[in-house]
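> Contents of entry14.cif (mmCIF, C-alpha atoms):
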data_my_file
#
loop_
_atom_site.group_PDB
_atom_site.id
_atom_site.type_symbol
_atom_site.label_atom_id
_atom_site.label_comp_id
_atom_site.auth_asym_id
_atom_site.auth_seq_id
_atom_site.Cartn_x
_atom_site.Cartn_y
_atom_site.Cartn_z
ATOM 1 C CA MET A 20 10.050 -16.721 -26.643
ATOM 2 C CA SER A 21 11.961 -19.389 -24.753
ATOM 3 C CA MET A 22 10.139 -21.308 -22.066
ATOM 4 C CA LEU A 23 11.022 -20.644 -18.450
ATOM 5 C CA THR A 24 12.574 -23.836 -17.169
ATOM 6 C CA GLU A 25 11.912 -25.176 -13.688
ATOM 7 C CA GLU A 26 15.518 -24.400 -12.787
ATOM 8 C CA ASN A 27 15.222 -20.789 -13.982
ATOM 9 C CA SER A 28 11.893 -20.404 -12.230
ATOM 10 C CA SER A 29 13.376 -21.686 -8.985
ATOM 11 C CA GLY A 30 16.262 -19.261 -9.312
ATOM 12 C CA LEU A 31 13.923 -16.326 -9.855
ATOM 13 C CA VAL A 32 11.826 -17.241 -6.827
ATOM 14 C CA ALA A 33 14.957 -17.439 -4.685
ATOM 15 C CA GLU A 34 16.114 -14.053 -5.996
ATOM 16 C CA ALA A 35 12.688 -12.564 -5.349
ATOM 17 C CA GLN A 36 12.612 -14.029 -1.832
ATOM 18 C CA GLU A 37 15.967 -12.448 -1.043
ATOM 19 C CA ALA A 38 14.871 -9.035 -2.312
ATOM 20 C CA ILE A 39 11.518 -9.093 -0.509
ATOM 21 C CA ASN A 40 13.102 -10.245 2.747
ATOM 22 C CA LYS A 41 15.568 -7.372 2.598
ATOM 23 C CA TYR A 42 12.814 -4.743 2.278
ATOM 24 C CA LEU A 43 11.535 -5.914 5.661
ATOM 25 C CA MET A 44 14.817 -6.898 7.331
ATOM 26 C CA PRO A 45 14.716 -6.004 11.059
ATOM 27 C CA GLY A 46 17.236 -3.295 11.821
ATOM 28 C CA LEU A 47 17.682 -2.254 8.183
ATOM 29 C CA GLY A 48 15.883 1.020 8.794
ATOM 30 C CA ALA A 49 13.511 3.016 6.620
ATOM 31 C CA ARG A 50 16.157 4.887 4.619
ATOM 32 C CA ASN A 51 18.089 1.749 3.664
ATOM 33 C CA SER A 52 14.857 -0.035 2.796
ATOM 34 C CA ILE A 53 13.863 2.848 0.505
ATOM 35 C CA GLU A 54 17.244 2.654 -1.226
ATOM 36 C CA HIS A 55 16.797 -1.087 -1.699
ATOM 37 C CA TYR A 56 13.381 -0.515 -3.273
ATOM 38 C CA SER A 57 14.933 1.951 -5.721
ATOM 39 C CA ALA A 58 17.804 -0.411 -6.529
ATOM 40 C CA THR A 59 15.390 -3.240 -7.337
ATOM 41 C CA SER A 60 12.699 -1.164 -9.076
ATOM 42 C CA ASP A 61 13.430 -2.621 -12.515
ATOM 43 C CA MET A 62 12.803 -6.158 -11.223
ATOM 44 C CA TYR A 63 10.127 -5.357 -8.637
ATOM 45 C CA GLU A 64 7.094 -6.431 -10.653
ATOM 46 C CA VAL A 65 8.899 -9.547 -11.875
ATOM 47 C CA TYR A 66 9.592 -10.500 -8.255
ATOM 48 C CA LEU A 67 6.006 -9.935 -7.189
ATOM 49 C CA THR A 68 4.669 -11.936 -10.103
ATOM 50 C CA ALA A 69 6.955 -14.797 -9.076
ATOM 51 C CA PHE A 70 5.427 -14.591 -5.605
ATOM 52 C CA ASP A 71 1.779 -14.530 -6.742
ATOM 53 C CA TYR A 72 1.160 -11.076 -5.282
ATOM 54 C CA ASN A 73 -2.600 -10.576 -4.910
ATOM 55 C CA GLY A 74 -2.589 -7.421 -2.797
ATOM 56 C CA PRO A 75 -3.255 -4.859 -5.571
ATOM 57 C CA ARG A 76 -6.229 -6.743 -6.980
ATOM 58 C CA THR A 77 -7.753 -7.160 -3.527
ATOM 59 C CA THR A 78 -7.172 -3.494 -2.672
ATOM 60 C CA ALA A 79 -8.826 -2.242 -5.846
ATOM 61 C CA ALA A 80 -11.765 -4.623 -5.521
ATOM 62 C CA THR A 81 -12.309 -3.552 -1.916
ATOM 63 C CA LEU A 82 -12.443 0.125 -2.889
ATOM 64 C CA ALA A 83 -14.698 -0.639 -5.848
ATOM 65 C CA ASP A 84 -17.198 -2.268 -3.487
ATOM 66 C CA LEU A 85 -17.567 1.115 -1.760
ATOM 67 C CA TYR A 86 -18.433 3.074 -4.922
ATOM 68 C CA PRO A 87 -21.056 2.261 -7.582
ATOM 69 C CA PRO A 88 -19.552 2.030 -11.082
ATOM 70 C CA GLU A 89 -21.198 5.238 -12.283
ATOM 71 C CA THR A 90 -19.500 7.283 -9.525
ATOM 72 C CA ARG A 91 -15.938 5.964 -9.816
ATOM 73 C CA GLU A 92 -14.622 8.403 -12.419
ATOM 74 C CA ALA A 93 -15.163 11.274 -9.966
ATOM 75 C CA VAL A 94 -13.456 9.630 -6.970
ATOM 76 C CA LYS A 95 -10.090 11.242 -6.194
ATOM 77 C CA ILE A 96 -7.689 8.651 -4.732
ATOM 78 C CA LEU A 97 -4.277 8.830 -3.057
ATOM 79 C CA ASP A 98 -2.275 5.611 -3.409
ATOM 80 C CA VAL A 99 0.157 5.620 -0.453
ATOM 81 C CA ALA A 100 3.334 3.529 -0.758
ATOM 82 C CA ALA A 101 2.310 3.182 -4.390
ATOM 83 C CA GLY A 102 5.477 1.450 -5.544
ATOM 84 C CA THR A 103 5.384 0.988 -9.314
ATOM 85 C CA GLY A 104 1.651 1.707 -9.509
ATOM 86 C CA LEU A 105 0.193 -1.788 -9.493
ATOM 87 C CA VAL A 106 -2.829 -0.748 -7.431
ATOM 88 C CA GLY A 107 -3.452 2.197 -9.739
ATOM 89 C CA GLU A 108 -3.493 -0.136 -12.712
ATOM 90 C CA GLU A 109 -6.112 -2.326 -11.030
ATOM 91 C CA LEU A 110 -8.189 0.732 -10.073
ATOM 92 C CA LEU A 111 -8.087 1.989 -13.640
ATOM 93 C CA ALA A 112 -9.477 -1.324 -14.867
ATOM 94 C CA LEU A 113 -12.415 -0.895 -12.480
ATOM 95 C CA GLY A 114 -13.353 2.560 -13.725
ATOM 96 C CA PHE A 115 -11.459 4.876 -11.386
ATOM 97 C CA ARG A 116 -9.666 7.709 -13.191
ATOM 98 C CA GLN A 117 -8.323 10.216 -10.657
ATOM 99 C CA MET A 118 -5.333 8.653 -8.931
ATOM 100 C CA ASP A 119 -2.277 10.245 -7.331
ATOM 101 C CA ALA A 120 0.694 8.223 -6.086
ATOM 102 C CA LEU A 121 2.904 8.766 -3.053
ATOM 103 C CA ASP A 122 6.094 6.797 -2.440
ATOM 104 C CA PRO A 123 9.472 7.625 -0.832
ATOM 105 C CA SER A 124 11.445 5.592 -3.396
ATOM 106 C CA GLU A 125 12.181 7.628 -6.504
ATOM 107 C CA GLY A 126 13.151 4.489 -8.392
ATOM 108 C CA MET A 127 9.756 2.925 -7.744
ATOM 109 C CA LEU A 128 7.853 6.130 -8.342
ATOM 110 C CA SER A 129 9.514 6.624 -11.720
ATOM 111 C CA LYS A 130 7.823 3.389 -12.794
ATOM 112 C CA ALA A 131 4.470 4.533 -11.408
ATOM 113 C CA ARG A 132 4.721 7.771 -13.396
ATOM 114 C CA GLU A 133 4.531 5.708 -16.567
ATOM 115 C CA ARG A 134 0.992 4.736 -15.610
ATOM 116 C CA ASN A 135 -2.193 6.818 -15.627
ATOM 117 C CA LEU A 136 -1.551 9.185 -12.701
ATOM 118 C CA GLN A 137 -2.578 12.761 -12.016
ATOM 119 C CA GLN A 138 0.331 13.549 -9.658
ATOM 120 C CA ALA A 139 3.223 11.653 -8.088
ATOM 121 C CA PHE A 140 4.636 12.679 -4.710
ATOM 122 C CA ASN A 141 8.147 11.510 -3.822
ATOM 123 C CA GLU A 142 7.411 11.585 -0.086
ATOM 124 C CA ALA A 143 7.406 9.292 2.944
ATOM 125 C CA ILE A 144 4.249 9.398 5.028
ATOM 126 C CA GLY A 145 4.730 9.689 8.779
ATOM 127 C CA ASP A 146 4.326 12.387 11.414
ATOM 128 C CA THR A 147 5.531 15.181 9.086
ATOM 129 C CA ARG A 148 2.834 17.086 7.226
ATOM 130 C CA LEU A 149 2.648 16.155 3.557
ATOM 131 C CA PRO A 150 2.399 18.875 0.870
ATOM 132 C CA ILE A 151 -1.271 17.975 0.519
ATOM 133 C CA ASP A 152 -4.296 19.977 1.705
ATOM 134 C CA ASP A 153 -6.669 18.724 4.386
ATOM 135 C CA GLY A 154 -9.423 16.587 2.901
ATOM 136 C CA ALA A 155 -7.898 16.639 -0.573
ATOM 137 C CA TYR A 156 -8.977 13.071 -1.370
ATOM 138 C CA ASP A 157 -12.173 11.049 -1.429
ATOM 139 C CA ALA A 158 -10.259 7.863 -0.661
ATOM 140 C CA LEU A 159 -6.814 6.608 0.255
ATOM 141 C CA VAL A 160 -5.391 3.152 -0.365
ATOM 142 C CA VAL A 161 -2.333 1.427 1.088
ATOM 143 C CA CYS A 162 -1.266 -1.940 -0.255
ATOM 144 C CA GLY A 163 1.795 -3.679 1.160
ATOM 145 C CA GLY A 164 3.034 -0.446 2.704
ATOM 146 C CA MET A 165 2.770 -1.534 6.331
ATOM 147 C CA GLY A 166 5.593 -3.608 7.785
ATOM 148 C CA GLU A 167 9.116 -3.487 9.192
ATOM 149 C CA ASN A 168 10.988 -0.388 7.925
ATOM 150 C CA GLN A 169 7.787 0.738 6.234
ATOM 151 C CA ILE A 170 4.942 3.122 7.146
ATOM 152 C CA PRO A 171 5.071 4.032 10.870
ATOM 153 C CA CYS A 172 2.107 4.129 13.244
ATOM 154 C CA SER A 173 2.314 7.915 13.253
ATOM 155 C CA ALA A 174 1.245 7.977 9.599
ATOM 156 C CA ILE A 175 -2.319 6.949 10.414
ATOM 157 C CA GLN A 176 -3.279 10.444 11.547
ATOM 158 C CA GLU A 177 -1.775 11.979 8.416
ATOM 159 C CA MET A 178 -3.782 9.533 6.296
ATOM 160 C CA ILE A 179 -6.935 10.682 8.041
ATOM 161 C CA ARG A 180 -6.036 14.347 7.552
ATOM 162 C CA VAL A 181 -5.784 14.172 3.762
ATOM 163 C CA VAL A 182 -9.097 12.324 3.298
ATOM 164 C CA LYS A 183 -12.321 14.302 3.410
ATOM 165 C CA PRO A 184 -15.035 13.410 5.946
ATOM 166 C CA GLY A 185 -17.075 10.521 4.621
ATOM 167 C CA GLY A 186 -14.133 9.242 2.593
ATOM 168 C CA TYR A 187 -12.505 5.839 2.978
ATOM 169 C CA ILE A 188 -9.093 4.454 3.866
ATOM 170 C CA VAL A 189 -8.380 0.932 2.598
ATOM 171 C CA ASN A 190 -5.289 -0.701 4.077
ATOM 172 C CA VAL A 191 -4.167 -4.118 2.834
ATOM 173 C CA THR A 192 -1.181 -5.858 4.395
ATOM 174 C CA ARG A 193 0.012 -9.164 5.845
ATOM 175 C CA VAL A 194 -1.712 -10.372 9.005
ATOM 176 C CA GLU A 195 1.654 -11.276 10.517
ATOM 177 C CA HIS A 196 2.885 -7.670 10.521
ATOM 178 C CA LEU A 197 0.566 -6.772 13.399
ATOM 179 C CA ASP A 198 2.376 -9.266 15.621
ATOM 180 C CA LYS A 199 5.911 -9.029 14.236
ATOM 181 C CA CYS A 200 6.626 -5.446 13.212
ATOM 182 C CA SER A 201 8.495 -3.673 16.013
ATOM 183 C CA ASP A 202 6.675 -0.361 15.455
ATOM 184 C CA TYR A 203 3.209 -1.941 15.492
ATOM 185 C CA VAL A 204 3.240 -4.453 18.340
ATOM 186 C CA GLY A 205 1.135 -3.066 21.169
ATOM 187 C CA ARG A 206 0.793 0.282 19.369
ATOM 188 C CA LEU A 207 -0.941 0.154 16.001
ATOM 189 C CA GLN A 208 -4.226 -1.474 16.978
ATOM 190 C CA PRO A 209 -4.601 0.609 20.178
ATOM 191 C CA LEU A 210 -3.945 3.754 18.111
ATOM 192 C CA MET A 211 -6.603 2.772 15.591
ATOM 193 C CA ARG A 212 -9.113 2.187 18.388
ATOM 194 C CA ARG A 213 -8.210 5.473 20.104
ATOM 195 C CA LEU A 214 -8.722 7.423 16.907
ATOM 196 C CA GLU A 215 -12.124 5.770 16.589
ATOM 197 C CA ASP A 216 -12.975 6.685 20.193
ATOM 198 C CA GLU A 217 -11.928 10.264 19.427
ATOM 199 C CA GLY A 218 -14.302 10.396 16.479
ATOM 200 C CA LYS A 219 -11.594 10.743 13.826
ATOM 201 C CA TRP A 220 -12.688 7.686 11.874
ATOM 202 C CA LYS A 221 -14.731 4.518 12.251
ATOM 203 C CA SER A 222 -14.055 0.924 11.345
ATOM 204 C CA VAL A 223 -16.157 -0.263 8.410
ATOM 205 C CA SER A 224 -14.746 -3.776 8.090
ATOM 206 C CA SER A 225 -11.812 -6.008 8.938
ATOM 207 C CA SER A 226 -11.254 -9.242 7.042
ATOM 208 C CA THR A 227 -8.557 -11.679 6.038
ATOM 209 C CA PHE A 228 -7.857 -13.492 2.794
ATOM 210 C CA PRO A 229 -5.429 -16.241 1.763
ATOM 211 C CA ASN A 230 -2.324 -15.731 -0.331
ATOM 212 C CA PHE A 231 -1.663 -12.013 -0.057
ATOM 213 C CA LEU A 232 1.819 -13.013 -1.157
ATOM 214 C CA ARG A 233 2.642 -16.698 -1.634
ATOM 215 C CA GLY A 234 1.603 -18.426 1.577
ATOM 216 C CA LYS A 235 1.080 -15.196 3.541
ATOM 217 C CA GLU A 236 -2.390 -14.401 4.862
ATOM 218 C CA GLY A 237 -3.669 -10.960 3.962
ATOM 219 C CA LEU A 238 -5.533 -8.436 6.099
ATOM 220 C CA VAL A 239 -7.982 -5.861 4.725
ATOM 221 C CA LEU A 240 -8.880 -2.924 6.959
ATOM 222 C CA VAL A 241 -11.489 -0.404 5.826
ATOM 223 C CA HIS A 242 -12.127 2.811 7.776
ATOM 224 C CA GLN A 243 -14.335 5.805 7.063
ATOM 225 C CA VAL A 244 -13.103 9.270 7.973
ATOM 226 C CA LEU A 245 -15.508 11.272 10.153
#
Could you write out this structure as structure tokens?

Amino acid sequence: MSMLTEENSSGLVAEAQEAINKYLMPGLGARNSIEHYSATSDMYEVYLTAFDYNGPRTTAATLADLYPPETREAVKILDVAAGTGLVGEELLALGFRQMDALDPSEGMLSKARERNLQQAFNEAIGDTRLPIDDGAYDALVVCGGMGENQIPCSAIQEMIRVVKPGGYIVNVTRVEHLDKCSDYVGRLQPLMRRLEDEGKWKSVSSSTFPNFLRGKEGLVLVHQVL
């Protein structure tokens, strides 16, 4: 195997930066972003490796902290905005076995299907009811799915609907999205608090961590459905 030269490495990082920026380009719109994800699905994991993507590992570890090892095989999980299934791979390594994936990009989801999944839903989560029963899951995870052109605020209530009372929702994203994403500014955090006031869920923890994605601070939000 030939060594990756500094020049080649630099070129890959630049290519990855361009692709990642386009996913979140203001004004691109959800549909065009989904198409871009599909078009880059073959290189997606290469790009994220080049950018030291730590979101999946953090997401899986956060969920694992909520369930003792001996209970994890029985936990039914929905991985929202699953992409190529990187979170599912990390969950599998920690003893979880029942994982379904949901992603609007067929190109990305085709990669996820190659991993250890029960079901794969080619769907976008939003204010439209998913083909999933109420309380079908013990837990739901979202990693890197919140941002410009990504999951809308309206999806939060649908996330709550598909998780059974007592179950958990783990959402890992960039801190900066709360202040920069046009759909979230002045809306997402108030909605989360309102749903807590209405008794739909409660906040378990909110924390940050360095290097979610090369130089970008990560945010971990954990809620329990009531």
> Identify the residues within 10 Å of coordinate (3.6, 7.9, 3.9) (same frame as the file), considering all atoms listed in the file, and give the answer as a list in words.
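Applying the cut-off with all atoms listed in the file, one gets Asp98, Val99, Ala100, Ala101, Leu121, Asp122, Pro123, Phe140, Asn141, Glu142, Ala143, Ile144, Gly145, Asp146, Thr147, Arg148, Leu149, Val161, Gly164, Met165, Gln169, Ile170, Pro171, Ser173, Ala174, Ile175, Glu177 and Met178 of chain A.
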> Here's the selection I'm unsure about, the PyMOL selection byres ((chain A and resi 207-218) around 12); applied to the file above, which residues does it give, as a PyMOL selection string?
chain A and resi 165-166+170-180+184+196-206+219-223+225+240-245
> Hey, what's within 6 Å of range 48-65 of chain A if we count all atoms listed in the file and toss same-chain stuff fewer than 3 positions away? As a ChimeraX atom specification, please?
/A:42,68,124,126-127,168
> Please produce an output containing C-alpha atoms for each residue in the selection, written as a PDB file, keeping the file's coordinate frame.

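Result file follows (out_33.pdb):
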ATOM      1  CA  TYR A  42      12.814  -4.743   2.278  1.00  0.00           C
ATOM      2  CA  THR A  68       4.669 -11.936 -10.103  1.00  0.00           C
ATOM      3  CA  SER A 124      11.445   5.592  -3.396  1.00  0.00           C
ATOM      4  CA  GLY A 126      13.151   4.489  -8.392  1.00  0.00           C
ATOM      5  CA  MET A 127       9.756   2.925  -7.744  1.00  0.00           C
ATOM      6  CA  ASN A 168      10.988  -0.388   7.925  1.00  0.00           C
TER       7      ASN A 168
END
> Taking 5 positions as the minimum chain separation for residues in the same chain, which residues sit within 6 Å of range 71-81 of chain A when counting all atoms listed in the file? Answer as a PyMOL selection string.
chain A and resi 106+109-110+231-233
> Go ahead and write the selection's residues with C-alpha atoms as an mmCIF file, in the frame of the given file.

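Saved result, again-v7.cif, follows:
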data_model
loop_
_atom_site.group_PDB
_atom_site.id
_atom_site.type_symbol
_atom_site.label_atom_id
_atom_site.label_comp_id
_atom_site.auth_asym_id
_atom_site.auth_seq_id
_atom_site.Cartn_x
_atom_site.Cartn_y
_atom_site.Cartn_z
ATOM 1 C CA VAL A 106 -2.829 -0.748 -7.431
ATOM 2 C CA GLU A 109 -6.112 -2.326 -11.030
ATOM 3 C CA LEU A 110 -8.189 0.732 -10.073
ATOM 4 C CA PHE A 231 -1.663 -12.013 -0.057
ATOM 5 C CA LEU A 232 1.819 -13.013 -1.157
ATOM 6 C CA ARG A 233 2.642 -16.698 -1.634
#
> Since I can't run it myself right now, could you work out what the PyMOL selection byres ((chain A and resi 35) around 8) selects here and report it as JSON, numbers by chain?
{"A": [31, 32, 33, 34, 36, 37, 38, 39, 66, 67, 69, 70]}
> To one decimal place, how far is CA of Leu159 in chain A from CA of Ile188 in chain A in Å?
4.8 Å
> Report the centre and edge lengths, in Å to one decimal, of an axis-aligned box enclosing every atom of range 142-153 of chain A listed in the file, padded by 3 Å on each side, as lines of an AutoDock Vina configuration file.

center_x = 0.4
center_y = 14.6
center_z = 5.7
size_x = 20.1
size_y = 16.7
size_z = 17.5
> Could you please determine the separation between CA of Leu111 in chain A and CA of Gln137 in chain A in Å, to one decimal place?
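The value is 12.2 Å.
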> Can you measure CA of Gln117 in chain A to CA of Lys130 in chain A for me? One decimal in Å is fine.
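Separation between CA of Gln117 in chain A and CA of Lys130 in chain A: 17.7 Å.
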> For a quick check of understanding, using all atoms listed in the file, which of A:Leu128, A:Gly102, A:Ile96, A:Pro229 has the smallest distance to Arg116 in chain A?
A:Ile96
> Once the PyMOL selection byres ((chain A and resi 90) around 12) is applied to the coordinates I shared, what remains selected? I want it as a PyMOL selection string.
chain A and resi 83-89+91-95+113-117+157
> Place a sphere of radius 9 Å on (0.0, 17.4, -3.9) in the file coordinates and name every protein, DNA or RNA residue with an atom inside or on its surface, counting all atoms listed in the file; give the answer as a PDB file with C-alpha atoms, in the coordinates of the input.

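Saved the output as part33.pdb:
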ATOM      1  CA  ASP A 119      -2.277  10.245  -7.331  1.00  0.00           C
ATOM      2  CA  GLN A 138       0.331  13.549  -9.658  1.00  0.00           C
ATOM      3  CA  ALA A 139       3.223  11.653  -8.088  1.00  0.00           C
ATOM      4  CA  PHE A 140       4.636  12.679  -4.710  1.00  0.00           C
ATOM      5  CA  LEU A 149       2.648  16.155   3.557  1.00  0.00           C
ATOM      6  CA  PRO A 150       2.399  18.875   0.870  1.00  0.00           C
ATOM      7  CA  ILE A 151      -1.271  17.975   0.519  1.00  0.00           C
ATOM      8  CA  ASP A 152      -4.296  19.977   1.705  1.00  0.00           C
ATOM      9  CA  ALA A 155      -7.898  16.639  -0.573  1.00  0.00           C
TER      10      ALA A 155
END
> Rebuild range 178-188 of chain A to all heavy atoms - output it as a tab-separated table (two decimals), in the coordinates of the input, please.

chain	number	residue	atom	x	y	z
A	178	MET	N	-2.85	10.12	7.27
A	178	MET	CA	-3.78	9.53	6.30
A	178	MET	C	-5.18	10.10	6.49
A	178	MET	O	-5.86	10.49	5.53
A	178	MET	CB	-3.82	8.01	6.45
A	178	MET	CG	-2.56	7.29	6.04
A	178	MET	SD	-2.77	5.49	6.25
A	178	MET	CE	-1.07	4.93	6.13
A	179	ILE	N	-5.61	10.16	7.73
A	179	ILE	CA	-6.94	10.68	8.04
A	179	ILE	C	-7.04	12.14	7.61
A	179	ILE	O	-8.07	12.57	7.06
A	179	ILE	CB	-7.24	10.52	9.54
A	179	ILE	CG1	-7.38	9.03	9.90
A	179	ILE	CG2	-8.50	11.29	9.93
A	179	ILE	CD1	-7.48	8.76	11.39
A	180	ARG	N	-6.00	12.91	7.84
A	180	ARG	CA	-6.04	14.35	7.55
A	180	ARG	C	-6.29	14.64	6.08
A	180	ARG	O	-7.02	15.57	5.73
A	180	ARG	CB	-4.71	15.01	7.97
A	180	ARG	CG	-4.70	16.52	7.75
A	180	ARG	CD	-3.35	17.14	8.01
A	180	ARG	NE	-2.34	16.77	7.01
A	180	ARG	CZ	-2.26	17.31	5.78
A	180	ARG	NH1	-3.14	18.23	5.39
A	180	ARG	NH2	-1.31	16.92	4.94
A	181	VAL	N	-5.69	13.84	5.19
A	181	VAL	CA	-5.78	14.17	3.76
A	181	VAL	C	-7.04	13.61	3.09
A	181	VAL	O	-7.26	13.86	1.90
A	181	VAL	CB	-4.53	13.71	3.00
A	181	VAL	CG1	-3.28	14.35	3.58
A	181	VAL	CG2	-4.39	12.19	2.97
A	182	VAL	N	-7.85	12.87	3.83
A	182	VAL	CA	-9.10	12.32	3.30
A	182	VAL	C	-10.27	13.13	3.84
A	182	VAL	O	-10.35	13.39	5.04
A	182	VAL	CB	-9.25	10.83	3.66
A	182	VAL	CG1	-10.61	10.30	3.19
A	182	VAL	CG2	-8.12	10.01	3.04
A	183	LYS	N	-11.18	13.48	2.99
A	183	LYS	CA	-12.32	14.30	3.41
A	183	LYS	C	-13.29	13.48	4.26
A	183	LYS	O	-13.35	12.24	4.13
A	183	LYS	CB	-13.05	14.87	2.19
A	183	LYS	CG	-13.69	13.85	1.27
A	183	LYS	CD	-14.36	14.51	0.06
A	183	LYS	CE	-13.40	15.31	-0.77
A	183	LYS	NZ	-14.01	15.82	-2.01
A	184	PRO	N	-14.04	14.13	5.15
A	184	PRO	CA	-15.04	13.41	5.95
A	184	PRO	C	-16.00	12.63	5.04
A	184	PRO	O	-16.46	13.14	4.01
A	184	PRO	CB	-15.76	14.54	6.68
A	184	PRO	CG	-14.73	15.62	6.81
A	184	PRO	CD	-13.96	15.55	5.52
A	185	GLY	N	-16.24	11.40	5.43
A	185	GLY	CA	-17.08	10.52	4.62
A	185	GLY	C	-16.28	9.66	3.67
A	185	GLY	O	-16.79	8.69	3.11
A	186	GLY	N	-14.99	10.01	3.47
A	186	GLY	CA	-14.13	9.24	2.59
A	186	GLY	C	-13.60	7.99	3.26
A	186	GLY	O	-13.73	7.81	4.48
A	187	TYR	N	-12.94	7.14	2.48
A	187	TYR	CA	-12.50	5.84	2.98
A	187	TYR	C	-10.98	5.67	2.92
A	187	TYR	O	-10.32	6.22	2.04
A	187	TYR	CB	-13.15	4.72	2.15
A	187	TYR	CG	-14.64	4.65	2.30
A	187	TYR	CD1	-15.49	5.26	1.37
A	187	TYR	CD2	-15.22	3.99	3.38
A	187	TYR	CE1	-16.87	5.20	1.50
A	187	TYR	CE2	-16.60	3.92	3.52
A	187	TYR	CZ	-17.41	4.53	2.59
A	187	TYR	OH	-18.78	4.48	2.74
A	188	ILE	N	-10.49	4.89	3.86
A	188	ILE	CA	-9.09	4.45	3.87
A	188	ILE	C	-9.09	2.93	3.81
A	188	ILE	O	-9.66	2.26	4.69
A	188	ILE	CB	-8.35	4.95	5.12
A	188	ILE	CG1	-8.27	6.48	5.11
A	188	ILE	CG2	-6.95	4.34	5.20
A	188	ILE	CD1	-7.68	7.08	6.38
